[in-house]
$ cat model.txt   # compact mmCIF, C-alpha atoms
# COMPACT_ATOMS: atom_id res chain seq x y z
CA MET B 1 8.83 -8.55 23.36
CA MET B 2 9.60 -9.16 27.01
CA ALA B 3 8.80 -12.44 28.72
CA GLU B 4 6.68 -10.73 31.37
CA ASP B 5 4.33 -9.27 28.74
CA LEU B 6 2.84 -12.64 27.79
CA PRO B 7 2.94 -16.21 29.13
CA ALA B 8 6.36 -17.77 28.60
CA ASN B 9 4.90 -20.52 26.46
CA ASP B 10 2.95 -18.17 24.20
CA CYS B 11 4.97 -18.16 20.99
CA LEU B 12 4.42 -17.82 17.28
CA GLU B 13 5.50 -21.19 15.89
CA ILE B 14 6.26 -21.65 12.20
CA ALA B 15 7.59 -24.98 10.95
CA GLY B 16 8.92 -25.81 14.41
CA ARG B 17 10.61 -22.44 14.90
CA LYS B 18 9.37 -20.40 17.85
CA PHE B 19 9.27 -16.63 18.04
CA ARG B 20 8.30 -14.52 21.04
CA SER B 21 7.27 -11.55 18.94
CA ARG B 22 4.15 -11.87 16.80
CA LEU B 23 5.03 -8.76 14.81
CA ILE B 24 6.81 -9.17 11.47
CA VAL B 25 8.15 -6.05 9.79
CA GLY B 26 9.28 -5.14 6.30
CA THR B 27 12.26 -3.24 4.97
CA GLY B 28 10.98 -0.99 2.21
CA LYS B 29 10.32 2.77 2.05
CA TYR B 30 12.70 3.79 4.84
CA ALA B 31 14.92 6.86 4.48
CA SER B 32 18.00 4.73 5.06
CA PHE B 33 19.17 1.29 6.14
CA ALA B 34 20.11 2.85 9.49
CA GLN B 35 16.57 4.11 10.06
CA ASN B 36 15.26 0.69 9.04
CA ARG B 37 17.54 -0.96 11.62
CA ASP B 38 16.41 1.40 14.37
CA ALA B 39 12.74 0.81 13.55
CA VAL B 40 13.18 -2.96 13.66
CA GLU B 41 14.86 -2.69 17.04
CA ARG B 42 12.07 -0.48 18.41
CA SER B 43 9.38 -2.84 17.07
CA GLY B 44 10.74 -5.86 18.92
CA ALA B 45 10.26 -7.96 15.77
CA GLU B 46 12.31 -11.11 15.33
CA ILE B 47 11.34 -11.79 11.70
CA VAL B 48 12.18 -9.23 9.02
CA THR B 49 10.93 -9.62 5.47
CA VAL B 50 13.00 -8.38 2.54
CA ALA B 51 12.06 -7.98 -1.13
CA VAL B 52 14.80 -9.86 -2.96
CA ARG B 53 14.22 -7.86 -6.14
CA ARG B 54 14.27 -4.45 -4.45
CA VAL B 55 16.58 -4.52 -1.43
CA ASN B 56 20.17 -5.72 -1.65
CA ILE B 57 20.84 -8.73 0.55
CA LEU B 58 22.84 -10.77 -1.95
CA ASP B 59 25.66 -8.54 -3.28
CA PRO B 60 28.33 -7.90 -0.60
CA THR B 61 30.16 -5.41 -2.86
CA LYS B 62 27.32 -2.86 -2.49
CA GLU B 63 25.57 -1.35 0.52
CA ASN B 64 23.78 -4.29 2.03
CA LEU B 65 20.85 -4.38 4.43
CA LEU B 66 22.52 -7.25 6.25
CA ASP B 67 25.29 -4.87 7.29
CA TYR B 68 22.61 -3.28 9.49
CA LEU B 69 20.42 -6.27 10.40
CA ASP B 70 22.41 -9.18 11.78
CA PRO B 71 21.04 -12.51 10.43
CA LYS B 72 22.20 -14.10 13.68
CA LYS B 73 19.83 -11.82 15.60
CA TYR B 74 16.93 -11.65 13.15
CA THR B 75 15.27 -14.25 10.96
CA ILE B 76 15.48 -12.88 7.44
CA LEU B 77 12.37 -13.69 5.40
CA PRO B 78 12.99 -13.11 1.68
CA ASN B 79 9.88 -12.24 -0.28
CA THR B 80 8.95 -12.31 -3.93
CA ALA B 81 7.45 -8.81 -4.19
CA GLY B 82 7.25 -7.70 -7.80
CA CYS B 83 6.63 -11.18 -9.20
CA TYR B 84 3.59 -11.61 -11.46
CA THR B 85 3.92 -15.26 -12.44
CA ALA B 86 4.53 -18.49 -10.57
CA GLU B 87 7.72 -19.01 -12.55
CA ASP B 88 9.17 -15.62 -11.55
CA ALA B 89 8.33 -16.21 -7.90
CA ILE B 90 9.88 -19.68 -7.91
CA ARG B 91 13.02 -18.33 -9.56
CA THR B 92 13.32 -15.55 -6.98
CA CYS B 93 13.02 -18.02 -4.10
CA ARG B 94 15.70 -20.22 -5.62
CA LEU B 95 17.95 -17.17 -5.91
CA ALA B 96 17.41 -16.36 -2.24
CA ARG B 97 18.31 -19.88 -1.19
CA GLU B 98 21.34 -20.02 -3.44
CA GLY B 99 22.61 -16.57 -2.44
CA GLY B 100 21.84 -16.57 1.26
CA GLY B 101 20.79 -20.06 2.25
CA TRP B 102 17.25 -18.95 3.14
CA GLU B 103 14.58 -21.62 2.90
CA MET B 104 11.71 -19.85 4.69
CA VAL B 105 10.17 -17.45 2.18
CA LYS B 106 7.22 -15.12 1.91
CA LEU B 107 5.58 -15.97 -1.40
CA GLU B 108 3.87 -13.21 -3.36
CA VAL B 109 2.44 -13.58 -6.86
CA ILE B 110 0.72 -10.34 -7.82
CA GLY B 111 -2.23 -10.40 -10.20
CA ASP B 112 -2.95 -6.70 -10.68
CA GLU B 113 -0.49 -3.83 -10.78
CA LYS B 114 -2.93 -1.20 -9.52
CA THR B 115 -4.40 -3.02 -6.50
CA LEU B 116 -1.51 -5.46 -5.90
CA PHE B 117 -4.07 -8.15 -5.17
CA PRO B 118 -2.62 -11.66 -5.41
CA ASP B 119 -3.14 -13.99 -8.37
CA THR B 120 -4.35 -16.93 -6.30
CA GLU B 121 -4.19 -19.45 -9.13
CA GLN B 122 -0.52 -18.69 -9.76
CA LEU B 123 0.08 -18.47 -6.01
CA VAL B 124 -1.14 -22.00 -5.30
CA LYS B 125 0.86 -23.28 -8.28
CA ALA B 126 4.07 -21.65 -7.06
CA ALA B 127 3.49 -22.73 -3.46
CA ALA B 128 3.05 -26.37 -4.44
CA GLN B 129 6.31 -26.38 -6.40
CA LEU B 130 8.32 -24.60 -3.71
CA VAL B 131 7.08 -26.99 -1.01
CA LYS B 132 8.25 -29.88 -3.20
CA GLU B 133 11.68 -28.23 -3.35
CA GLY B 134 11.91 -28.04 0.43
CA PHE B 135 11.01 -24.42 1.05
CA ILE B 136 9.03 -23.28 4.07
CA VAL B 137 6.37 -21.26 2.30
CA LEU B 138 4.41 -18.38 3.83
CA PRO B 139 2.04 -17.15 1.09
CA TYR B 140 0.53 -13.68 0.86
CA THR B 141 -3.05 -14.26 -0.23
CA ASN B 142 -6.46 -12.64 -0.25
CA ASP B 143 -8.92 -13.14 2.60
CA ASP B 144 -10.61 -16.12 0.93
CA PRO B 145 -11.00 -19.13 3.26
CA ILE B 146 -11.12 -21.53 0.29
CA VAL B 147 -7.77 -20.35 -1.06
CA ALA B 148 -6.32 -20.49 2.46
CA ARG B 149 -7.29 -24.15 2.73
CA LYS B 150 -5.80 -24.91 -0.68
CA LEU B 151 -2.52 -23.32 0.38
CA GLU B 152 -2.49 -25.36 3.55
CA ASP B 153 -3.30 -28.51 1.56
CA VAL B 154 -0.26 -28.06 -0.72
CA GLY B 155 1.98 -27.81 2.35
CA CYS B 156 2.33 -24.12 3.26
CA GLN B 157 3.47 -23.62 6.84
CA ALA B 158 1.32 -20.50 7.36
CA VAL B 159 -1.18 -18.42 5.44
CA MET B 160 -0.98 -14.63 5.20
CA PRO B 161 -4.33 -13.12 4.22
CA LEU B 162 -4.48 -9.41 3.51
CA ALA B 163 -6.40 -7.03 5.75
CA ALA B 164 -6.69 -4.49 2.92
CA PRO B 165 -4.65 -3.60 -0.19
CA ILE B 166 -0.90 -3.29 0.33
CA GLY B 167 0.07 0.13 1.65
CA SER B 168 -3.54 1.34 1.86
CA GLY B 169 -3.67 1.75 5.64
CA LEU B 170 -7.37 0.88 5.60
CA GLY B 171 -7.17 -1.69 8.40
CA ILE B 172 -9.13 -4.94 8.41
CA ARG B 173 -11.96 -4.60 5.91
CA ASN B 174 -13.45 -8.05 6.45
CA PRO B 175 -12.80 -9.34 9.96
CA TYR B 176 -15.30 -12.14 9.49
CA ASN B 177 -13.25 -13.76 6.74
CA ILE B 178 -10.17 -13.61 8.96
CA LEU B 179 -12.16 -15.36 11.69
CA ILE B 180 -13.31 -18.05 9.23
CA ILE B 181 -9.77 -18.61 7.96
CA LYS B 182 -8.48 -18.90 11.52
CA GLU B 183 -11.22 -21.43 12.28
CA GLN B 184 -10.65 -23.56 9.19
CA VAL B 185 -6.88 -23.88 8.89
CA ARG B 186 -4.45 -25.49 11.31
CA VAL B 187 -1.36 -23.50 10.34
CA PRO B 188 -0.63 -20.00 11.71
CA VAL B 189 -2.67 -17.14 10.26
CA ILE B 190 -0.56 -14.00 9.87
CA VAL B 191 -2.48 -10.97 8.66
CA ASP B 192 -0.46 -9.17 6.01
CA ALA B 193 -1.03 -5.78 4.32
CA GLY B 194 -3.40 -2.93 5.03
CA VAL B 195 -2.53 -2.05 8.63
CA GLY B 196 -2.47 1.72 9.06
CA THR B 197 -2.04 2.41 12.75
CA ALA B 198 -1.67 0.75 16.12
CA SER B 199 -5.38 0.14 16.66
CA ASP B 200 -5.49 -1.92 13.44
CA ALA B 201 -2.75 -4.15 14.80
CA THR B 202 -4.55 -4.56 18.11
CA ILE B 203 -7.83 -5.48 16.43
CA THR B 204 -6.00 -8.00 14.26
CA MET B 205 -4.58 -9.74 17.30
CA GLU B 206 -7.88 -9.55 19.21
CA LEU B 207 -9.45 -11.57 16.37
CA GLY B 208 -7.07 -14.39 17.21
CA ALA B 209 -4.59 -13.95 14.37
CA ASP B 210 -1.28 -15.61 15.16
CA GLY B 211 0.70 -12.65 13.91
CA VAL B 212 0.66 -9.48 11.84
CA LEU B 213 3.04 -8.25 9.15
CA MET B 214 3.46 -4.61 8.20
CA ASN B 215 5.82 -2.25 6.43
CA THR B 216 4.24 0.98 5.17
CA ALA B 217 2.41 1.65 8.44
CA ILE B 218 5.78 2.05 10.15
CA ALA B 219 8.06 3.26 7.35
CA GLY B 220 5.52 5.78 6.06
CA ALA B 221 4.67 7.30 9.46
CA LYS B 222 5.79 10.83 10.27
CA ASP B 223 7.94 9.32 13.01
CA PRO B 224 8.76 5.73 11.97
CA LEU B 225 10.65 4.93 15.16
CA MET B 226 7.83 6.02 17.44
CA MET B 227 5.31 4.14 15.28
CA ALA B 228 7.46 1.01 15.42
CA GLU B 229 7.31 1.11 19.19
CA ALA B 230 3.56 1.80 19.12
CA MET B 231 3.07 -1.28 16.94
CA ARG B 232 5.07 -3.37 19.34
CA HIS B 233 2.79 -2.41 22.22
CA ALA B 234 -0.33 -2.74 20.06
CA VAL B 235 0.42 -6.32 19.08
CA ILE B 236 1.16 -7.28 22.68
CA ALA B 237 -2.04 -5.60 23.92
CA GLY B 238 -4.14 -7.30 21.27
CA ARG B 239 -2.69 -10.69 22.07
CA GLN B 240 -3.20 -10.17 25.80
CA ALA B 241 -6.83 -9.17 25.22
CA TYR B 242 -7.42 -12.23 23.05
CA LEU B 243 -5.95 -14.55 25.67
CA ALA B 244 -7.86 -12.79 28.47
CA GLY B 245 -11.19 -13.18 26.68
CA ARG B 246 -13.41 -10.18 26.08
CA ILE B 247 -16.87 -9.76 27.57
CA PRO B 248 -19.86 -10.56 25.34
CA MET B 249 -21.42 -7.71 23.38
CA LYS B 250 -24.94 -6.77 24.53
CA LEU B 251 -27.56 -4.50 23.08
CA TYR B 252 -28.57 -3.03 26.45
CA ALA B 253 -26.64 -1.78 29.45
CA THR B 254 -25.59 -3.98 32.35
CA ALA B 255 -24.98 -2.17 35.63
CA SER B 256 -21.44 -2.36 36.93
CA SER B 257 -22.88 -2.43 40.45
CA PRO B 258 -26.13 -4.44 40.23
CA LEU B 259 -28.88 -3.95 42.85
CA THR B 260 -29.56 -7.68 43.28
CA GLY B 261 -29.42 -8.69 46.93
CA ILE B 262 -29.08 -5.21 48.36
CA ILE B 263 -30.21 -5.23 52.02
CA GLY B 264 -33.20 -3.01 52.76
CA ARG B 265 -34.15 -2.54 49.13
CA SER B 266 -37.70 -1.09 49.15
CA PHE B 267 -38.44 -0.45 45.51

$ encode --input "model.txt" --output "structure tokens"
Amino acid sequence: MMAEDLPANDCLEIAGRKFRSRLIVGTGKYASFAQNRDAVERSGAEIVTVAVRRVNILDPTKENLLDYLDPKKYTILPNTAGCYTAEDAIRTCRLAREGGGWEMVKLEVIGDEKTLFPDTEQLVKAAAQLVKEGFIVLPYTNDDPIVARKLEDVGCQAVMPLAAPIGSGLGIRNPYNILIIKEQVRVPVIVDAGVGTASDATITMELGADGVLMNTAIAGAKDPLMMAEAMRHAVIAGRQAYLAGRIPMKLYATASSPLTGIIGRSF
């Protein structure tokens, strides 16, 4: 994201770390690590999330994603995709810190294999323990404002409510809950999962979300590199529109050129 696109002081701030881009991208489902690298570059993202259990970032003897994505250039965000209990998620985060020194983690605790909806009870439990151990925890959760507040209360540095089921491409199904979450928590709200195309990303940002995370929407597109660039522009446009302030919605038309005060009006 270029400085001229948004005010210089408009940054996504997580635990004191500032990022110019409000787009976070994933690393699954690409044809190759090289394509993944190119998509990240085109997206302008600064934070890249990686499933510790599925993508190699810990074993230097095998093909490693970090050979393509320089940790000095990008903030690597390990995630606990594939974990179904608090204990498994905690163990995976510890492995990421031990193997790569990463302390900022995306916490996922899945409750249902078919929908991939989070198990919020296990999620809050895992988050509380990881915060105690010094992790910066960004939890993937449902769009429940109560759960979002609980996650903030245990010390999470952001909350990441879903827009729709992971990989569904359905877009934001309940924008009102996202608005309520944004209103009720003080930490950044990063909408995660369900984005399908650029307009979904723009709408997300227009709602006032602090950021948006996506993977399938880019990796699964017919042209992932072009979609990555489209998402970059979409997030910027949505943020600009939010900062600019949209006009109120009205039931009836309002003339662009009103007749009030026209000289010689005789009707």

$ atom_distance --input "model.txt" --atom1 "atom CA of B:Pro139" --atom2 "atom CA of B:Tyr242"
24.4 Å

$ atom_distance --input "model.txt" --atom1 "atom CA of B:Leu23" --atom2 "atom CA of B:Leu162"
14.8 Å

$ atom_distance --input "model.txt" --atom1 "atom CA of B:Leu95" --atom2 "atom CA of B:Ile14"
22.0 Å

$ closest_residue --input "model.txt" --among "B:Asn64, B:Gln122, B:Thr85, B:Asn215" --to "B:Met227" --atoms "only C-alpha atoms"
B:Asn215

$ axis_aligned_box --input "model.txt" --around "stretch 189-196 of chain B" --padding-each-side "4 Å" --output "AutoDock Vina command-line options"
--center_x -1.9 --center_y -7.7 --center_z 7.3 --size_x 10.9 --size_y 26.9 --size_z 13.9

$ residues_around --input "model.txt" --residues "B:Val212" --least-positions-apart "4" --cutoff "8 Å" --atoms "all atoms listed in the file" --output "number ranges by chain"
B: 22-24, 190-192, 201, 204-205, 235

$ closest_residue --input "model.txt" --among "B:Leu213, B:Val185, B:Ile110, B:Ala230" --to "B:Gly26" --atoms "only C-alpha atoms"
B:Leu213

$ residues_around --input "model.txt" --residues "stretch 86-91 of chain B" --least-positions-apart "3" --cutoff "9 Å" --atoms "only C-alpha atoms" --output "PyMOL selection string"
chain B and resi 79-83+94-96+107-109+121-127+129-130

$ write_last_selection --input "model.txt" --atoms "C-alpha atoms" --output "CSV table (one decimal), in the frame of the given file"
chain,number,residue,atom,x,y,z
B,79,ASN,CA,9.9,-12.2,-0.3
B,80,THR,CA,9.0,-12.3,-3.9
B,81,ALA,CA,7.4,-8.8,-4.2
B,82,GLY,CA,7.2,-7.7,-7.8
B,83,CYS,CA,6.6,-11.2,-9.2
B,94,ARG,CA,15.7,-20.2,-5.6
B,95,LEU,CA,18.0,-17.2,-5.9
B,96,ALA,CA,17.4,-16.4,-2.2
B,107,LEU,CA,5.6,-16.0,-1.4
B,108,GLU,CA,3.9,-13.2,-3.4
B,109,VAL,CA,2.4,-13.6,-6.9
B,121,GLU,CA,-4.2,-19.4,-9.1
B,122,GLN,CA,-0.5,-18.7,-9.8
B,123,LEU,CA,0.1,-18.5,-6.0
B,124,VAL,CA,-1.1,-22.0,-5.3
B,125,LYS,CA,0.9,-23.3,-8.3
B,126,ALA,CA,4.1,-21.6,-7.1
B,127,ALA,CA,3.5,-22.7,-3.5
B,129,GLN,CA,6.3,-26.4,-6.4
B,130,LEU,CA,8.3,-24.6,-3.7

$ residues_around --input "model.txt" --residues "B:Ala241" --least-positions-apart "2" --cutoff "10 Å" --atoms "only C-alpha atoms" --output "list in words"
Thr202, Ile203, Met205, Glu206, Leu207, Gly208, Val235, Ile236, Ala237, Gly238, Arg239, Leu243, Ala244, Gly245 and Arg246 of chain B

$ write_last_selection --input "model.txt" --atoms "C-alpha atoms" --output "PDB file, in the coordinates of the input"
ATOM      1  CA  THR B 202      -4.550  -4.560  18.110  1.00  0.00           C
ATOM      2  CA  ILE B 203      -7.830  -5.480  16.430  1.00  0.00           C
ATOM      3  CA  MET B 205      -4.580  -9.740  17.300  1.00  0.00           C
ATOM      4  CA  GLU B 206      -7.880  -9.550  19.210  1.00  0.00           C
ATOM      5  CA  LEU B 207      -9.450 -11.570  16.370  1.00  0.00           C
ATOM      6  CA  GLY B 208      -7.070 -14.390  17.210  1.00  0.00           C
ATOM      7  CA  VAL B 235       0.420  -6.320  19.080  1.00  0.00           C
ATOM      8  CA  ILE B 236       1.160  -7.280  22.680  1.00  0.00           C
ATOM      9  CA  ALA B 237      -2.040  -5.600  23.920  1.00  0.00           C
ATOM     10  CA  GLY B 238      -4.140  -7.300  21.270  1.00  0.00           C
ATOM     11  CA  ARG B 239      -2.690 -10.690  22.070  1.00  0.00           C
ATOM     12  CA  LEU B 243      -5.950 -14.550  25.670  1.00  0.00           C
ATOM     13  CA  ALA B 244      -7.860 -12.790  28.470  1.00  0.00           C
ATOM     14  CA  GLY B 245     -11.190 -13.180  26.680  1.00  0.00           C
ATOM     15  CA  ARG B 246     -13.410 -10.180  26.080  1.00  0.00           C
TER      16      ARG B 246
END

$ closest_residue --input "model.txt" --among "B:Phe117, B:Tyr84, B:Tyr30, B:Phe135" --to "B:Glu103" --atoms "all atoms listed in the file"
B:Phe135

$ residues_around --input "model.txt" --residues "B:Gly100" --least-positions-apart "4" --cutoff "12 Å" --atoms "all atoms listed in the file" --output "number ranges by chain"
B: 52, 56-60, 66, 71, 75-78, 92-96, 104-105

$ build_atoms --input "model.txt" --residues "stretch 233-261 of chain B" --atoms "N, CA and C atoms" --output "mmCIF file, in the coordinates of the input"
data_model
loop_
_atom_site.group_PDB
_atom_site.id
_atom_site.type_symbol
_atom_site.label_atom_id
_atom_site.label_comp_id
_atom_site.auth_asym_id
_atom_site.auth_seq_id
_atom_site.Cartn_x
_atom_site.Cartn_y
_atom_site.Cartn_z
ATOM 1 N N HIS B 233 3.729 -2.381 21.104
ATOM 2 C CA HIS B 233 2.790 -2.410 22.220
ATOM 3 C C HIS B 233 1.397 -2.841 21.765
ATOM 4 N N ALA B 234 1.001 -2.418 20.574
ATOM 5 C CA ALA B 234 -0.330 -2.740 20.060
ATOM 6 C C ALA B 234 -0.510 -4.242 19.862
ATOM 7 N N VAL B 235 0.500 -4.878 19.317
ATOM 8 C CA VAL B 235 0.420 -6.320 19.080
ATOM 9 C C VAL B 235 0.367 -7.072 20.410
ATOM 10 N N ILE B 236 1.184 -6.647 21.364
ATOM 11 C CA ILE B 236 1.160 -7.280 22.680
ATOM 12 C C ILE B 236 -0.203 -7.101 23.339
ATOM 13 N N ALA B 237 -0.737 -5.874 23.298
ATOM 14 C CA ALA B 237 -2.040 -5.600 23.920
ATOM 15 C C ALA B 237 -3.138 -6.432 23.285
ATOM 16 N N GLY B 238 -3.121 -6.519 21.955
ATOM 17 C CA GLY B 238 -4.140 -7.300 21.270
ATOM 18 C C GLY B 238 -4.064 -8.771 21.611
ATOM 19 N N ARG B 239 -2.862 -9.283 21.713
ATOM 20 C CA ARG B 239 -2.690 -10.690 22.070
ATOM 21 C C ARG B 239 -3.132 -10.941 23.514
ATOM 22 N N GLN B 240 -2.774 -10.036 24.405
ATOM 23 C CA GLN B 240 -3.200 -10.170 25.800
ATOM 24 C C GLN B 240 -4.731 -10.162 25.900
ATOM 25 N N ALA B 241 -5.370 -9.249 25.178
ATOM 26 C CA ALA B 241 -6.830 -9.170 25.220
ATOM 27 C C ALA B 241 -7.467 -10.437 24.677
ATOM 28 N N TYR B 242 -6.891 -10.985 23.611
ATOM 29 C CA TYR B 242 -7.420 -12.230 23.050
ATOM 30 C C TYR B 242 -7.307 -13.366 24.060
ATOM 31 N N LEU B 243 -6.150 -13.478 24.694
ATOM 32 C CA LEU B 243 -5.950 -14.550 25.670
ATOM 33 C C LEU B 243 -6.836 -14.347 26.897
ATOM 34 N N ALA B 244 -7.052 -13.089 27.289
ATOM 35 C CA ALA B 244 -7.860 -12.790 28.470
ATOM 36 C C ALA B 244 -9.337 -13.101 28.228
ATOM 37 N N GLY B 245 -9.806 -12.899 27.008
ATOM 38 C CA GLY B 245 -11.190 -13.180 26.680
ATOM 39 C C GLY B 245 -12.087 -11.988 26.951
ATOM 40 N N ARG B 246 -12.589 -11.378 25.906
ATOM 41 C CA ARG B 246 -13.410 -10.180 26.080
ATOM 42 C C ARG B 246 -14.809 -10.539 26.579
ATOM 43 N N ILE B 247 -15.492 -9.552 27.132
ATOM 44 C CA ILE B 247 -16.870 -9.760 27.570
ATOM 45 C C ILE B 247 -17.771 -9.830 26.342
ATOM 46 N N PRO B 248 -18.928 -10.496 26.469
ATOM 47 C CA PRO B 248 -19.860 -10.560 25.340
ATOM 48 C C PRO B 248 -20.427 -9.181 25.024
ATOM 49 N N MET B 249 -20.739 -8.945 23.760
ATOM 50 C CA MET B 249 -21.420 -7.710 23.380
ATOM 51 C C MET B 249 -22.908 -7.845 23.674
ATOM 52 N N LYS B 250 -23.518 -6.762 24.216
ATOM 53 C CA LYS B 250 -24.940 -6.770 24.530
ATOM 54 C C LYS B 250 -25.592 -5.509 23.991
ATOM 55 N N LEU B 251 -26.841 -5.645 23.630
ATOM 56 C CA LEU B 251 -27.560 -4.500 23.080
ATOM 57 C C LEU B 251 -27.872 -3.462 24.152
ATOM 58 N N TYR B 252 -28.166 -3.928 25.377
ATOM 59 C CA TYR B 252 -28.570 -3.030 26.450
ATOM 60 C C TYR B 252 -27.503 -2.988 27.546
ATOM 61 N N ALA B 253 -27.614 -1.984 28.386
ATOM 62 C CA ALA B 253 -26.640 -1.780 29.450
ATOM 63 C C ALA B 253 -26.756 -2.858 30.520
ATOM 64 N N THR B 254 -25.633 -3.118 31.174
ATOM 65 C CA THR B 254 -25.590 -3.980 32.350
ATOM 66 C C THR B 254 -24.884 -3.195 33.447
ATOM 67 N N ALA B 255 -25.551 -2.997 34.562
ATOM 68 C CA ALA B 255 -24.980 -2.170 35.630
ATOM 69 C C ALA B 255 -23.687 -2.761 36.169
ATOM 70 N N SER B 256 -22.704 -1.903 36.339
ATOM 71 C CA SER B 256 -21.440 -2.360 36.930
ATOM 72 C C SER B 256 -21.637 -2.766 38.381
ATOM 73 N N SER B 257 -22.552 -2.111 39.057
ATOM 74 C CA SER B 257 -22.880 -2.430 40.450
ATOM 75 C C SER B 257 -24.356 -2.796 40.522
ATOM 76 N N PRO B 258 -24.720 -4.049 40.262
ATOM 77 C CA PRO B 258 -26.130 -4.440 40.230
ATOM 78 C C PRO B 258 -26.789 -4.299 41.604
ATOM 79 N N LEU B 259 -28.116 -4.149 41.614
ATOM 80 C CA LEU B 259 -28.880 -3.950 42.850
ATOM 81 C C LEU B 259 -29.338 -5.262 43.474
ATOM 82 N N THR B 260 -29.108 -6.377 42.781
ATOM 83 C CA THR B 260 -29.560 -7.680 43.280
ATOM 84 C C THR B 260 -28.996 -7.960 44.666
ATOM 85 N N GLY B 261 -29.866 -8.284 45.606
ATOM 86 C CA GLY B 261 -29.420 -8.690 46.930
ATOM 87 C C GLY B 261 -29.102 -7.553 47.874
#
